[in-house]
Structures are given as structure tokens and as C-alpha cells.
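Just target_9.cif here, mmCIF, C-alpha atoms:
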data_my_file
#
loop_
_atom_site.group_PDB
_atom_site.id
_atom_site.type_symbol
_atom_site.label_atom_id
_atom_site.label_comp_id
_atom_site.auth_asym_id
_atom_site.auth_seq_id
_atom_site.Cartn_x
_atom_site.Cartn_y
_atom_site.Cartn_z
ATOM 1 C CA MET A 1 9.120 27.854 -30.813
ATOM 2 C CA THR A 2 6.701 29.792 -32.942
ATOM 3 C CA HIS A 3 3.347 31.398 -32.273
ATOM 4 C CA ASP A 4 0.842 32.684 -34.720
ATOM 5 C CA ARG A 5 0.727 36.141 -33.233
ATOM 6 C CA ASN A 6 -1.207 37.668 -36.114
ATOM 7 C CA THR A 7 -4.292 35.613 -35.390
ATOM 8 C CA ASP A 8 -3.996 35.698 -31.611
ATOM 9 C CA ALA A 9 -5.896 38.551 -30.047
ATOM 10 C CA ASP A 10 -3.636 38.416 -26.977
ATOM 11 C CA ALA A 11 -0.335 38.312 -28.820
ATOM 12 C CA TRP A 12 1.425 40.263 -26.105
ATOM 13 C CA VAL A 13 0.692 37.431 -23.643
ATOM 14 C CA ASP A 14 2.481 35.044 -26.028
ATOM 15 C CA ALA A 15 5.411 37.456 -26.150
ATOM 16 C CA LEU A 16 5.448 37.689 -22.355
ATOM 17 C CA LEU A 17 5.432 33.895 -22.028
ATOM 18 C CA ASP A 18 8.286 33.569 -24.523
ATOM 19 C CA ASP A 19 10.337 36.302 -22.862
ATOM 20 C CA VAL A 20 9.992 34.740 -19.417
ATOM 21 C CA ALA A 21 10.750 31.314 -20.888
ATOM 22 C CA SER A 22 13.944 32.589 -22.512
ATOM 23 C CA ALA A 23 15.281 34.174 -19.313
ATOM 24 C CA PRO A 24 18.412 32.434 -18.009
ATOM 25 C CA VAL A 25 17.941 29.653 -15.479
ATOM 26 C CA PRO A 26 20.723 28.756 -13.035
ATOM 27 C CA LYS A 27 21.946 25.171 -13.004
ATOM 28 C CA PRO A 28 21.060 23.082 -9.966
ATOM 29 C CA SER A 29 23.856 23.266 -7.426
ATOM 30 C CA GLN A 30 26.038 20.294 -6.577
ATOM 31 C CA ASP A 31 24.705 20.661 -3.051
ATOM 32 C CA LEU A 32 21.158 20.034 -4.338
ATOM 33 C CA MET A 33 22.290 16.972 -6.297
ATOM 34 C CA ALA A 34 24.010 15.645 -3.179
ATOM 35 C CA ARG A 35 20.947 16.282 -0.994
ATOM 36 C CA VAL A 36 18.624 14.533 -3.454
ATOM 37 C CA LEU A 37 20.966 11.571 -3.712
ATOM 38 C CA ALA A 38 21.210 11.392 0.088
ATOM 39 C CA ASP A 39 17.393 11.306 0.272
ATOM 40 C CA ALA A 40 17.326 8.567 -2.378
ATOM 41 C CA THR A 41 19.840 6.517 -0.441
ATOM 42 C CA ALA A 42 17.928 6.976 2.813
ATOM 43 C CA LYS A 43 14.690 5.799 1.157
ATOM 44 C CA LEU A 44 16.329 3.062 -0.924
ATOM 45 C CA PRO A 45 14.276 -0.129 -0.486
ATOM 46 C CA PRO A 46 16.184 -3.295 0.498
ATOM 47 C CA PRO A 47 17.564 -5.423 -2.341
ATOM 48 C CA GLY A 48 14.700 -7.254 -4.022
ATOM 49 C CA GLY A 49 12.119 -4.713 -2.906
ATOM 50 C CA ARG A 50 10.242 -3.850 0.226
ATOM 51 C CA ALA A 51 9.046 -6.760 2.355
ATOM 52 C CA GLU A 52 5.293 -7.154 2.436
ATOM 53 C CA VAL A 53 3.838 -5.189 5.298
ATOM 54 C CA ALA A 54 1.911 -7.447 7.715
ATOM 55 C CA SER A 55 -1.670 -6.377 8.374
ATOM 56 C CA LEU A 56 -2.858 -5.408 11.849
ATOM 57 C CA TRP A 57 -4.995 -8.588 12.014
ATOM 58 C CA HIS A 58 -1.984 -10.800 11.284
ATOM 59 C CA GLU A 59 0.043 -8.931 13.902
ATOM 60 C CA PHE A 60 -2.781 -9.449 16.443
ATOM 61 C CA VAL A 61 -3.015 -13.180 15.688
ATOM 62 C CA ALA A 62 0.738 -13.566 15.979
ATOM 63 C CA GLY A 63 0.743 -11.538 19.206
ATOM 64 C CA ILE A 64 -1.660 -13.904 21.037
ATOM 65 C CA GLY A 65 0.148 -17.061 20.002
ATOM 66 C CA GLY A 66 -1.178 -17.809 16.538
ATOM 67 C CA TRP A 67 -4.422 -19.565 15.625
ATOM 68 C CA PHE A 68 -4.306 -21.763 18.760
ATOM 69 C CA GLY A 69 -4.355 -18.524 20.755
ATOM 70 C CA VAL A 70 -7.351 -17.266 18.792
ATOM 71 C CA GLY A 71 -9.165 -20.590 19.519
ATOM 72 C CA GLY A 72 -8.397 -20.243 23.226
ATOM 73 C CA VAL A 73 -9.691 -16.665 23.375
ATOM 74 C CA LEU A 74 -12.906 -17.653 21.571
ATOM 75 C CA ALA A 75 -13.458 -20.715 23.843
ATOM 76 C CA ALA A 76 -12.902 -18.635 26.997
ATOM 77 C CA GLY A 77 -15.272 -15.945 25.769
ATOM 78 C CA PHE A 78 -17.979 -18.455 24.916
ATOM 79 C CA THR A 79 -17.622 -20.212 28.288
ATOM 80 C CA GLY A 80 -17.932 -16.908 30.141
ATOM 81 C CA LEU A 81 -21.048 -16.053 28.194
ATOM 82 C CA VAL A 82 -22.688 -19.412 29.038
ATOM 83 C CA ILE A 83 -21.859 -19.056 32.735
ATOM 84 C CA GLY A 84 -23.138 -15.498 32.814
ATOM 85 C CA LEU A 85 -26.449 -16.372 31.161
ATOM 86 C CA GLY A 86 -26.913 -19.420 33.447
ATOM 87 C CA ALA A 87 -26.626 -17.319 36.653
ATOM 88 C CA ILE A 88 -29.985 -15.662 36.033
ATOM 89 C CA ASP A 89 -33.103 -17.745 36.018
ATOM 90 C CA PRO A 90 -35.193 -16.419 33.156
ATOM 91 C CA SER A 91 -38.454 -17.675 34.784
ATOM 92 C CA ASP A 92 -37.973 -15.462 37.850
ATOM 93 C CA VAL A 93 -38.308 -11.777 37.018
ATOM 94 C CA ASP A 94 -37.520 -10.873 40.640
ATOM 95 C CA THR A 95 -34.065 -12.328 40.476
ATOM 96 C CA LEU A 96 -32.452 -9.046 41.498
ATOM 97 C CA PHE A 97 -34.681 -8.733 44.574
ATOM 98 C CA SER A 98 -33.841 -12.270 45.604
ATOM 99 C CA LEU A 99 -30.187 -11.288 45.932
ATOM 100 C CA GLY A 100 -31.024 -9.589 49.282
ATOM 101 C CA PHE A 101 -30.244 -5.944 48.521
ATOM 102 C CA PHE A 102 -33.517 -4.704 49.990
ATOM 103 C CA GLU A 103 -33.641 -6.919 53.096
ATOM 104 C CA ASN A 104 -31.138 -4.725 54.906
ATOM 105 C CA TYR A 105 -32.771 -1.441 53.937
ATOM 106 C CA ASP A 106 -34.537 0.328 56.818
ATOM 107 C CA SER A 107 -36.709 3.182 55.662
ATOM 108 C CA GLN A 108 -36.723 4.805 59.130
ATOM 109 C CA SER A 109 -32.981 4.841 59.503
ATOM 110 C CA GLY A 110 -32.842 6.280 56.036
ATOM 111 C CA LEU A 111 -35.027 9.232 57.038
ATOM 112 C CA SER A 112 -33.081 9.975 60.240
ATOM 113 C CA THR A 113 -29.677 9.581 58.738
ATOM 114 C CA PHE A 114 -28.897 13.285 58.458
ATOM 115 C CA GLY A 115 -30.705 14.388 61.635
ATOM 116 C CA TRP A 116 -33.772 15.620 59.796
ATOM 117 C CA ASP A 117 -36.098 14.009 62.355
ATOM 118 C CA LEU A 118 -34.458 16.002 65.198
ATOM 119 C CA GLU A 119 -34.937 19.229 63.278
ATOM 120 C CA GLU A 120 -38.621 18.384 62.696
ATOM 121 C CA GLU A 121 -39.147 17.655 66.431
ATOM 122 C CA ARG A 122 -37.801 21.123 67.330
ATOM 123 C CA LEU A 123 -40.304 22.772 65.017
ATOM 124 C CA MET B 1 31.519 7.181 -11.117
ATOM 125 C CA PRO B 2 29.305 9.220 -13.483
ATOM 126 C CA PHE B 3 25.894 10.232 -12.146
ATOM 127 C CA ASP B 4 23.948 8.717 -15.052
ATOM 128 C CA ASP B 5 25.530 5.655 -16.635
ATOM 129 C CA GLN B 6 22.102 4.114 -17.431
ATOM 130 C CA THR B 7 21.407 6.167 -20.527
ATOM 131 C CA ASP B 8 19.570 3.384 -22.361
ATOM 132 C CA ALA B 9 17.008 2.718 -19.614
ATOM 133 C CA ASP B 10 13.785 4.725 -19.491
ATOM 134 C CA ASP B 11 12.664 6.552 -16.348
ATOM 135 C CA SER B 12 9.992 4.015 -15.484
ATOM 136 C CA ALA B 13 12.409 1.094 -15.721
ATOM 137 C CA LEU B 14 14.933 2.963 -13.580
ATOM 138 C CA LEU B 15 12.282 3.689 -10.968
ATOM 139 C CA ALA B 16 11.354 -0.003 -10.889
ATOM 140 C CA ARG B 17 15.021 -0.838 -10.367
ATOM 141 C CA TYR B 18 15.247 1.752 -7.583
ATOM 142 C CA ALA B 19 12.228 0.100 -5.934
ATOM 143 C CA ARG B 20 14.198 -3.154 -5.939
ATOM 144 C CA GLY B 21 17.077 -1.493 -4.112
ATOM 145 C CA ASP B 22 19.329 -0.502 -7.030
ATOM 146 C CA ALA B 23 21.477 2.474 -5.942
ATOM 147 C CA ALA B 24 22.788 3.041 -9.481
ATOM 148 C CA ALA B 25 19.208 3.686 -10.614
ATOM 149 C CA ALA B 26 18.907 6.377 -7.918
ATOM 150 C CA ARG B 27 22.022 8.110 -9.261
ATOM 151 C CA ALA B 28 20.779 7.945 -12.838
ATOM 152 C CA LEU B 29 17.325 9.294 -11.949
ATOM 153 C CA THR B 30 18.866 12.099 -9.897
ATOM 154 C CA ALA B 31 21.132 13.163 -12.764
ATOM 155 C CA ARG B 32 18.343 12.923 -15.290
ATOM 156 C CA LEU B 33 15.407 14.436 -13.443
ATOM 157 C CA VAL B 34 16.752 17.024 -10.997
ATOM 158 C CA PRO B 35 17.850 19.541 -13.686
ATOM 159 C CA ARG B 36 14.399 19.347 -15.336
ATOM 160 C CA VAL B 37 12.553 19.642 -12.059
ATOM 161 C CA HIS B 38 14.764 22.499 -10.906
ATOM 162 C CA THR B 39 14.343 24.427 -14.160
ATOM 163 C CA GLN B 40 10.574 24.095 -14.002
ATOM 164 C CA ALA B 41 10.503 25.217 -10.364
ATOM 165 C CA PHE B 42 12.794 28.180 -11.077
ATOM 166 C CA ARG B 43 10.660 29.332 -13.995
ATOM 167 C CA MET B 44 7.579 29.230 -11.801
ATOM 168 C CA LEU B 45 9.105 30.718 -8.664
ATOM 169 C CA GLY B 46 11.942 32.935 -9.893
ATOM 170 C CA ASP B 47 13.918 32.158 -6.754
ATOM 171 C CA ALA B 48 16.892 29.810 -6.857
ATOM 172 C CA THR B 49 16.735 28.745 -3.208
ATOM 173 C CA GLU B 50 13.008 28.043 -3.303
ATOM 174 C CA ALA B 51 13.420 26.197 -6.606
ATOM 175 C CA GLU B 52 16.004 23.920 -5.012
ATOM 176 C CA ASP B 53 13.723 23.248 -2.039
ATOM 177 C CA VAL B 54 10.856 22.357 -4.373
ATOM 178 C CA ALA B 55 13.114 20.141 -6.496
ATOM 179 C CA GLN B 56 14.285 18.231 -3.411
ATOM 180 C CA ASP B 57 10.719 17.915 -2.107
ATOM 181 C CA ALA B 58 9.423 16.630 -5.463
ATOM 182 C CA MET B 59 12.238 14.084 -5.770
ATOM 183 C CA MET B 60 11.614 12.912 -2.201
ATOM 184 C CA ARG B 61 7.994 12.238 -3.161
ATOM 185 C CA LEU B 62 9.239 10.220 -6.128
ATOM 186 C CA TRP B 63 11.490 8.069 -3.902
ATOM 187 C CA ARG B 64 8.589 7.474 -1.529
ATOM 188 C CA VAL B 65 6.148 6.485 -4.279
ATOM 189 C CA ALA B 66 8.647 4.232 -6.089
ATOM 190 C CA PRO B 67 7.620 0.917 -4.421
ATOM 191 C CA GLU B 68 3.962 1.492 -5.409
ATOM 192 C CA TRP B 69 4.712 2.881 -8.885
ATOM 193 C CA ARG B 70 2.792 1.117 -11.654
ATOM 194 C CA SER B 71 4.653 1.463 -14.901
ATOM 195 C CA GLY B 72 2.364 2.142 -17.830
ATOM 196 C CA GLU B 73 -0.109 4.274 -15.863
ATOM 197 C CA ALA B 74 1.770 7.573 -16.046
ATOM 198 C CA ARG B 75 5.107 8.867 -17.207
ATOM 199 C CA VAL B 76 7.560 9.668 -14.452
ATOM 200 C CA THR B 77 8.286 13.080 -15.986
ATOM 201 C CA THR B 78 4.597 13.954 -16.287
ATOM 202 C CA TRP B 79 3.940 12.882 -12.705
ATOM 203 C CA LEU B 80 6.876 14.997 -11.526
ATOM 204 C CA TYR B 81 5.761 17.927 -13.666
ATOM 205 C CA ARG B 82 2.417 17.982 -11.897
ATOM 206 C CA VAL B 83 3.979 17.593 -8.467
ATOM 207 C CA VAL B 84 6.367 20.496 -9.080
ATOM 208 C CA ALA B 85 3.633 22.678 -10.583
ATOM 209 C CA ASN B 86 1.434 22.103 -7.534
ATOM 210 C CA LEU B 87 4.246 22.646 -5.022
ATOM 211 C CA CYS B 88 5.168 25.904 -6.762
ATOM 212 C CA THR B 89 1.553 27.039 -6.959
ATOM 213 C CA ASP B 90 1.144 26.451 -3.223
ATOM 214 C CA ARG B 91 4.182 28.612 -2.566
ATOM 215 C CA LEU B 92 3.076 31.334 -4.976
ATOM 216 C CA ARG B 93 -0.362 31.522 -3.394
ATOM 217 C CA LYS B 94 1.217 32.029 0.031
ATOM 218 C CA ARG B 95 3.469 34.815 -1.231
ATOM 219 C CA PRO B 96 2.495 38.451 -1.093
ATOM 220 C CA ARG B 97 1.616 39.241 -4.691
ATOM 221 C CA GLY B 98 3.996 40.914 -7.116
ATOM 222 C CA ASN B 99 6.879 41.744 -4.832
ATOM 223 C CA VAL B 100 9.911 39.888 -6.075
ATOM 224 C CA ALA B 101 12.916 41.855 -4.940
ATOM 225 C CA LEU B 102 15.847 42.233 -7.275
ATOM 226 C CA ASP B 103 18.196 40.353 -4.979
ATOM 227 C CA THR B 104 15.943 37.290 -4.767
ATOM 228 C CA VAL B 105 16.330 36.610 -8.463
ATOM 229 C CA ALA B 106 19.378 34.691 -9.605
ATOM 230 C CA GLU B 107 22.040 36.694 -11.342
ATOM 231 C CA PRO B 108 21.917 36.006 -15.064
ATOM 232 C CA PRO B 109 25.136 34.620 -16.541
ATOM 233 C CA ASP B 110 25.489 37.712 -18.727
ATOM 234 C CA PRO B 111 26.246 40.733 -16.516
ATOM 235 C CA THR B 112 25.563 43.278 -19.279
ATOM 236 C CA PRO B 113 21.791 43.888 -18.798
ATOM 237 C CA SER B 114 21.169 47.145 -17.038
ATOM 238 C CA VAL B 115 19.425 47.434 -13.713
ATOM 239 C CA GLU B 116 16.360 48.754 -15.553
ATOM 240 C CA ALA B 117 16.347 45.749 -17.862
ATOM 241 C CA ARG B 118 16.606 43.390 -14.925
ATOM 242 C CA LEU B 119 13.802 45.173 -13.096
ATOM 243 C CA GLN B 120 11.654 44.954 -16.215
ATOM 244 C CA SER B 121 12.481 41.283 -16.606
ATOM 245 C CA ASN B 122 11.681 40.601 -12.957
ATOM 246 C CA ALA B 123 8.421 42.534 -13.146
ATOM 247 C CA ARG B 124 7.352 40.489 -16.191
ATOM 248 C CA ALA B 125 8.243 37.200 -14.566
ATOM 249 C CA SER B 126 6.518 38.152 -11.326
ATOM 250 C CA ALA B 127 3.303 39.257 -13.061
ATOM 251 C CA LEU B 128 3.229 36.110 -15.164
ATOM 252 C CA ARG B 129 3.841 33.864 -12.152
ATOM 253 C CA ASP B 130 0.957 35.414 -10.233
ATOM 254 C CA ALA B 131 -1.343 35.002 -13.225
ATOM 255 C CA LEU B 132 -0.232 31.399 -13.829
ATOM 256 C CA ALA B 133 -0.800 30.495 -10.193
ATOM 257 C CA ALA B 134 -4.433 31.551 -10.505
ATOM 258 C CA LEU B 135 -5.112 29.224 -13.469
ATOM 259 C CA PRO B 136 -6.829 25.839 -13.085
ATOM 260 C CA GLU B 137 -4.219 23.060 -12.871
ATOM 261 C CA ARG B 138 -4.613 21.523 -16.331
ATOM 262 C CA GLN B 139 -4.647 24.898 -18.097
ATOM 263 C CA ARG B 140 -1.548 25.985 -16.185
ATOM 264 C CA ILE B 141 0.350 22.800 -17.012
ATOM 265 C CA ALA B 142 -0.648 22.880 -20.673
ATOM 266 C CA VAL B 143 0.442 26.516 -21.040
ATOM 267 C CA MET B 144 3.731 25.859 -19.237
ATOM 268 C CA MET B 145 4.529 22.750 -21.293
ATOM 269 C CA ARG B 146 3.756 24.652 -24.471
ATOM 270 C CA HIS B 147 5.710 27.815 -23.719
ATOM 271 C CA PHE B 148 8.337 26.889 -21.130
ATOM 272 C CA ASP B 149 9.221 23.436 -22.470
ATOM 273 C CA GLY B 150 8.485 24.198 -26.118
ATOM 274 C CA ALA B 151 6.392 21.026 -26.367
ATOM 275 C CA ALA B 152 4.082 20.641 -29.359
ATOM 276 C CA ASN B 153 0.390 19.949 -28.814
ATOM 277 C CA PRO B 154 0.567 16.212 -29.677
ATOM 278 C CA GLU B 155 3.396 15.777 -27.172
ATOM 279 C CA ILE B 156 1.465 17.641 -24.468
ATOM 280 C CA ALA B 157 -1.590 15.531 -25.276
ATOM 281 C CA ASP B 158 0.458 12.382 -24.894
ATOM 282 C CA ARG B 159 1.953 13.521 -21.596
ATOM 283 C CA LEU B 160 -1.373 14.635 -20.136
ATOM 284 C CA GLY B 161 -3.309 11.685 -21.527
ATOM 285 C CA VAL B 162 -5.835 13.861 -23.380
ATOM 286 C CA SER B 163 -6.602 14.527 -27.042
ATOM 287 C CA THR B 164 -4.746 17.122 -29.107
ATOM 288 C CA LYS B 165 -8.031 18.979 -29.457
ATOM 289 C CA ALA B 166 -8.311 19.125 -25.667
ATOM 290 C CA VAL B 167 -4.790 20.543 -25.418
ATOM 291 C CA GLU B 168 -5.650 23.258 -27.921
ATOM 292 C CA SER B 169 -8.694 24.121 -25.850
ATOM 293 C CA LEU B 170 -6.724 24.081 -22.574
ATOM 294 C CA THR B 171 -3.953 26.361 -23.873
ATOM 295 C CA ALA B 172 -6.429 28.728 -25.539
ATOM 296 C CA ARG B 173 -8.509 29.034 -22.377
ATOM 297 C CA GLY B 174 -5.368 29.313 -20.271
ATOM 298 C CA LYS B 175 -3.999 32.175 -22.329
ATOM 299 C CA LYS B 176 -7.366 33.907 -22.371
ATOM 300 C CA ALA B 177 -7.423 33.716 -18.585
ATOM 301 C CA LEU B 178 -3.848 35.004 -18.409
ATOM 302 C CA ALA B 179 -4.778 37.937 -20.646
ATOM 303 C CA ALA B 180 -7.737 38.715 -18.412
ATOM 304 C CA ALA B 181 -5.602 38.491 -15.261
ATOM 305 C CA LEU B 182 -2.909 40.725 -16.785
ATOM 306 C CA LYS B 183 -5.348 43.172 -18.348
ATOM 307 C CA GLY B 184 -4.083 46.742 -18.202
ATOM 308 C CA GLN B 185 -0.500 45.727 -17.377
ATOM 309 C CA ALA B 186 0.832 45.446 -20.944
ATOM 310 C CA SER B 187 2.307 48.939 -21.096
ATOM 311 C CA ALA B 188 3.813 48.727 -17.629
ATOM 312 C CA LEU B 189 5.507 45.478 -18.635
ATOM 313 C CA GLY B 190 6.848 46.958 -21.884
ATOM 314 C CA TYR B 191 4.367 45.436 -24.353
ATOM 315 C CA LYS B 192 1.770 46.844 -26.673
ATOM 316 C CA ASP B 193 -1.705 45.377 -26.270
ATOM 317 C CA GLU B 194 -3.416 45.901 -29.636
ATOM 318 C CA ARG B 195 -6.896 45.608 -28.149
ATOM 319 C CA HIS B 196 -6.563 47.603 -24.965
ATOM 320 C CA ASP B 197 -3.823 50.119 -25.696
ATOM 321 C CA THR B 198 -5.366 51.551 -28.880
#
Please express what this file holds, its structure, as C-alpha cells.
Amino acid sequence: MTHDRNTDADAWVDALLDDVASAPVPKPSQDLMARVLADATAKLPPPGGRAEVASLWHEFVAGIGGWFGVGGVLAAGFTGLVIGLGAIDPSDVDTLFSLGFFENYDSQSGLSTFGWDLEEERL
Amino acid sequence: MPFDDQTDADDSALLARYARGDAAAARALTARLVPRVHTQAFRMLGDATEAEDVAQDAMMRLWRVAPEWRSGEARVTTWLYRVVANLCTDRLRKRPRGNVALDTVAEPPDPTPSVEARLQSNARASALRDALAALPERQRIAVMMRHFDGAANPEIADRLGVSTKAVESLTARGKKALAAALKGQASALGYKDERHDT
């Protein structure tokens, strides 16, 4: 290869590149060739090419029994939603209170629960 | 069985055959590409063991990418050239700078060079490697293709997918950057720098 060293201000860099390029290079060992070929064999796709990889969605559909399974899951979900919404009467904003949580609450027993009233009597 | 008995098939066609499960294509590609890849890695790293590791790593990446390879988008050799250059650059950047020991460099086939000559040769190679590793990727590859492979500018342009003018610019800027990185080292490396030594 030739370089126009007379017009190149950094001619010594060209010389350095050429000297390094002309240094002897060892041949690849037979061991390397064997290792590379072993890798190639390990990664060799099946005859005809790699089978198409199924998507996660297709795997999910297949996992729940196909499209009939998907229909069943959707129907069950919809039914649950209807039942859940029907349990609360939208005209009655006090629905939660009507469930009876507060009927059993005694404010006095709540105040004496930890013996605070006894302590106050001593004072 | 010979390693490469598919001499009439191009690399891209062989890779497509490998992707379809053809073991003969794997043998042909190995015989054809490993020596090139290994030579490039050795020139960049100056260490035979590391060059073999890089060559194996680069070829492994080729086997992995084979099923998705789109022929016509890039040449196999150009793709590999970039992979090897980047793998070597990563290794060079992790190395302590400029300390290639004499025993890490492969023995040249000719035993006549003196110890001094070998030290000089190693020092040159080591300095150049450090400077090359600091170049931007395209400049580094253009300079290496030009000087290490002896490729002409139109060939480099074809391999990199750029114009010949762009290759001229890349190599010129690359060498300017090398000169700047190696500034003041010409005498120590046994060269005469007309601009800085006079």
C-alpha cells in the first residue's frame, strides 16, 4: 500500500501505521477453530429454520383452554361485576350504615376499655 | 472433510443456509471468517489469547444473529469488522495504558530480531493501539481498513455505506487525531516528526 508522505504533515503516523500493520500475526489455533465450530453447532437452528416463537398472548390463550376459555373468563368477570353493582342501592347513600356496623358500638364501653375511667376516678 | 468446501457461495448466502440448519455452511463460514476476525483482533490487541477470545465472541454473536439476518442490509464481513473493533476497544479501554509486556506478545515467526527491536516494535504497537482506541468508531474503522487491510477508499466507502469523499474525511480526521494523541512520542518510537522534532 502506498501513502503520499510528502504531502502529509503527519507522515510519521503513516509510517507507524504501516509498521504495525506489517508486524507478523499468528495464525488462529486449531483449538480456536474447534471452539468456534462447537459454538456454531450448539446454536445451529433446526433444519428449515427456527420455529416461530409464540407470543405471550397466544401462550396465555392456549393456557386457559383456547378462545372458549377466554369467553368463559370474560362472562364470569362480567357476571361478577353485575352482581357487585346490584348489591348497593344507589338511591340510599347510607347503605354502609344500614349494614349494622354501628348498632353494636357502645361509646361508654369504648372509653372504659383500657381502664382509663378507673384512673380518672382516683384523681 | 475440508473446512470450506462452499467456495462459490458468498457470506450472506452461507449465513442464510446456516439459519436454515445447514452445518456445512457453519464450517465454511468458520474457515472463511475466523482467520480475518482473529487477525483484526490481534492487530488491535497485540495479545494472541485475547485475540482468540474476541474472535470466538464475535463469531458467537454472528451465530446468534443469523436467524434474523437480512441479506442486502449489510455485509457479513463489515458487520463482523465493527463487532470486533468494538469488542477490542472495550478491552483496550479497560487495560492500564501502554504496558504491554514482552511476553504477552506473540513470538514472531522470524527469531532474528533483537530484544531491542522487539521492545521497539511492541512500544509502537502499544502506543498506536491506545491512540486508536480513543478515536470515534467510524474514524477508527476507516483508518484500520485503510492501513491494516490495505483497502482503497472506494472499497472502504462501499463497506461502510458512505461516500468516498466521506471516507477521505474520516481517515484524514482519524490520522490527525492519532497524531495529536501521539504528539511528542515520535522520537521515543524511533520516528522523526518533521513538524515537532525540528
- Starting from chain A, keep only residues with some atom at most 10 Å from an atom of chain B, counting all atoms listed in the file, and report them as a PyMOL selection string. chain A and resi 1-3+8-29+31-50
- Query: How many Å separate atom CA of Ala188 of chain B from atom CA of Arg173 of chain B?
  - Reply: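 Separation between atom CA of Ala188 of chain B and atom CA of Arg173 of chain B: 23.7 Å.
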- Item | Separation of atom CA of Arg93 of chain B from atom CA of Glu116 of chain B in Å |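 Rounded to one decimal, the two atoms are 26.9 Å apart.
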- Item | Point-to-point distance in Å for atom CA of Arg61 of chain B and atom CA of Val83 of chain B |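 Value for the atom CA of Val83 of chain B-atom CA of Arg61 of chain B distance: 8.5 Å.
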